[in-house]
$ cat my_file_25.pdb   # PDB, C-alpha atoms
ATOM      1  CA  MET A   8      15.284 -34.374  -6.238
ATOM      2  CA  ALA A   9      14.376 -35.968  -9.574
ATOM      3  CA  GLU A  10      17.037 -36.677 -12.176
ATOM      4  CA  VAL A  11      16.926 -34.505 -15.306
ATOM      5  CA  LYS A  12      17.334 -36.513 -18.529
ATOM      6  CA  THR A  13      18.766 -34.699 -21.571
ATOM      7  CA  ILE A  14      18.422 -35.952 -25.155
ATOM      8  CA  LYS A  15      19.481 -34.152 -28.363
ATOM      9  CA  PHE A  16      17.782 -34.300 -31.781
ATOM     10  CA  ASN A  17      18.812 -32.794 -35.138
ATOM     11  CA  ASN A  18      15.209 -32.662 -36.361
ATOM     12  CA  LEU A  19      12.148 -31.060 -34.703
ATOM     13  CA  VAL A  20       9.763 -33.641 -36.214
ATOM     14  CA  LYS A  21      11.716 -36.549 -34.691
ATOM     15  CA  ALA A  22      11.759 -34.811 -31.302
ATOM     16  CA  GLU A  23       7.981 -34.242 -31.422
ATOM     17  CA  GLN A  24       7.368 -37.882 -32.423
ATOM     18  CA  TYR A  25       9.469 -39.046 -29.478
ATOM     19  CA  ILE A  26       7.525 -36.803 -27.090
ATOM     20  CA  GLU A  27       4.198 -38.058 -28.454
ATOM     21  CA  GLU A  28       5.301 -41.688 -28.026
ATOM     22  CA  LEU A  29       6.020 -40.961 -24.358
ATOM     23  CA  GLY A  30       2.447 -39.700 -23.892
ATOM     24  CA  TYR A  31       3.099 -36.009 -23.270
ATOM     25  CA  VAL A  32       0.775 -33.220 -24.439
ATOM     26  CA  PHE A  33       1.634 -29.680 -25.553
ATOM     27  CA  LYS A  34       1.376 -27.000 -22.833
ATOM     28  CA  GLN A  35       2.979 -23.788 -24.138
ATOM     29  CA  SER A  36       5.575 -22.320 -26.483
ATOM     30  CA  ASN A  37       7.966 -19.386 -26.343
ATOM     31  CA  GLN A  38       9.400 -17.993 -29.549
ATOM     32  CA  PHE A  39      11.641 -14.993 -29.967
ATOM     33  CA  LYS A  40      13.627 -14.654 -33.200
ATOM     34  CA  GLU A  41      15.789 -17.790 -33.514
ATOM     35  CA  ASP A  42      15.242 -18.942 -29.923
ATOM     36  CA  ARG A  43      12.338 -21.378 -29.681
ATOM     37  CA  SER A  44      11.163 -23.519 -26.784
ATOM     38  CA  PHE A  45       8.191 -25.729 -25.981
ATOM     39  CA  VAL A  46       6.834 -27.198 -22.749
ATOM     40  CA  TYR A  47       4.981 -30.519 -22.680
ATOM     41  CA  GLN A  48       3.344 -32.181 -19.694
ATOM     42  CA  LYS A  49       2.120 -35.628 -18.738
ATOM     43  CA  ARG A  50      -0.775 -36.481 -16.489
ATOM     44  CA  SER A  51       0.088 -38.522 -13.417
ATOM     45  CA  GLY A  52      -3.120 -39.572 -11.725
ATOM     46  CA  ARG A  53      -5.341 -36.502 -11.441
ATOM     47  CA  THR A  54      -2.569 -33.926 -11.669
ATOM     48  CA  TYR A  55       0.134 -32.955 -14.177
ATOM     49  CA  LYS A  56       3.495 -33.677 -12.577
ATOM     50  CA  HIS A  57       5.930 -34.659 -15.328
ATOM     51  CA  TYR A  58       7.288 -32.112 -17.785
ATOM     52  CA  ILE A  59       9.450 -31.982 -20.907
ATOM     53  CA  TYR A  60      11.265 -28.825 -21.974
ATOM     54  CA  LEU A  61      12.271 -28.762 -25.655
ATOM     55  CA  ARG A  62      14.484 -25.908 -26.874
ATOM     56  CA  SER A  63      16.502 -25.026 -29.924
ATOM     57  CA  THR A  64      20.235 -24.399 -29.650
ATOM     58  CA  PHE A  65      23.021 -23.714 -32.127
ATOM     59  CA  ASP A  66      25.458 -26.577 -31.582
ATOM     60  CA  TYR A  67      27.458 -29.289 -33.358
ATOM     61  CA  LEU A  68      25.148 -31.581 -35.360
ATOM     62  CA  ASN A  69      27.001 -34.706 -34.211
ATOM     63  CA  GLU A  70      30.169 -35.649 -32.352
ATOM     64  CA  ASN A  71      32.153 -36.692 -35.432
ATOM     65  CA  THR A  72      32.054 -33.487 -37.534
ATOM     66  CA  MET A  73      32.653 -29.778 -37.161
ATOM     67  CA  GLU A  74      29.300 -28.977 -38.829
ATOM     68  CA  MET A  75      27.058 -26.727 -36.765
ATOM     69  CA  GLY A  76      23.318 -26.090 -36.940
ATOM     70  CA  THR A  77      20.065 -26.137 -35.001
ATOM     71  CA  VAL A  78      19.978 -28.881 -32.389
ATOM     72  CA  TRP A  79      16.851 -29.593 -30.336
ATOM     73  CA  THR A  80      17.622 -30.308 -26.689
ATOM     74  CA  LEU A  81      14.976 -32.201 -24.738
ATOM     75  CA  GLN A  82      15.034 -32.133 -20.940
ATOM     76  CA  GLN A  83      12.680 -34.448 -19.068
ATOM     77  CA  PHE A  84      11.952 -33.822 -15.393
TER      78      PHE A  84
END
$ encode --input "my_file_25.pdb" --output "structure tokens"
Amino acid sequence: MAEVKTIKFNNLVKAEQYIEELGYVFKQSNQFKEDRSFVYQKRSGRTYKHYIYLRSTFDYLNENTMEMGTVWTLQQF
């Protein structure tokens, strides 16, 4: 089974730039009230086999403070 990589971003624009640099393209989005998620895919040969799942969560903005806000969690599999 493939390893799932998880990366967190505090800014949606930075997360989208990172995804674009990796060569992934937008597939679909799901949005309901404050819960938002996006799926990106990457072509491998003739088929799409690699995916990125980007979702918003309410979490601590960084490890050093108690400040909370929207954090974008990126899972690559």
$ atom_distance --input "my_file_25.pdb" --atom1 "CA of Asn37 (chain A)" --atom2 "CA of Glu74 (chain A)"
26.5 Å
$ closest_residue --input "my_file_25.pdb" --among "A:Ser63, A:Gln83, A:Asn71, A:Thr77" --to "Tyr47 (chain A)" --atoms "all atoms listed in the file"
A:Gln83
$ residues_around --input "my_file_25.pdb" --residues "Ile59 (chain A)" --least-positions-apart "3" --cutoff "9 Å" --atoms "all atoms listed in the file" --output "PyMOL selection string"
chain A and resi 26+31+45-49+81-84
$ atom_distance --input "my_file_25.pdb" --atom1 "CA of Lys40 (chain A)" --atom2 "CA of Thr64 (chain A)"
12.3 Å
$ resolve_selection --input "my_file_25.pdb" --expression "the PyMOL selection byres ((chain A and resi 14) around 10)" --output "PyMOL selection string"
chain A and resi 12-13+15-16+22+61+79-83
$ atom_distance --input "my_file_25.pdb" --atom1 "CA of Gly76 (chain A)" --atom2 "CA of Val32 (chain A)"
26.7 Å
$ closest_residue --input "my_file_25.pdb" --among "A:Lys21, A:Glu70, A:Val78, A:Glu27" --to "Glu41 (chain A)" --atoms "only C-alpha atoms"
A:Val78
$ closest_residue --input "my_file_25.pdb" --among "A:Gly52, A:Met73, A:Arg62, A:Val11" --to "Gln38 (chain A)" --atoms "all atoms listed in the file"
A:Arg62
$ residues_around --input "my_file_25.pdb" --residues "Met75 (chain A)" --least-positions-apart "5" --cutoff "8 Å" --atoms "only C-alpha atoms" --output "number ranges by chain"
A: 65-68
$ axis_aligned_box --input "my_file_25.pdb" --around "region 41-58 of chain A" --padding-each-side "4 Å" --output "lines of an AutoDock Vina configuration file"
center_x = 5.2
center_y = -28.7
center_z = -22.5
size_x = 29.1
size_y = 29.8
size_z = 30.1
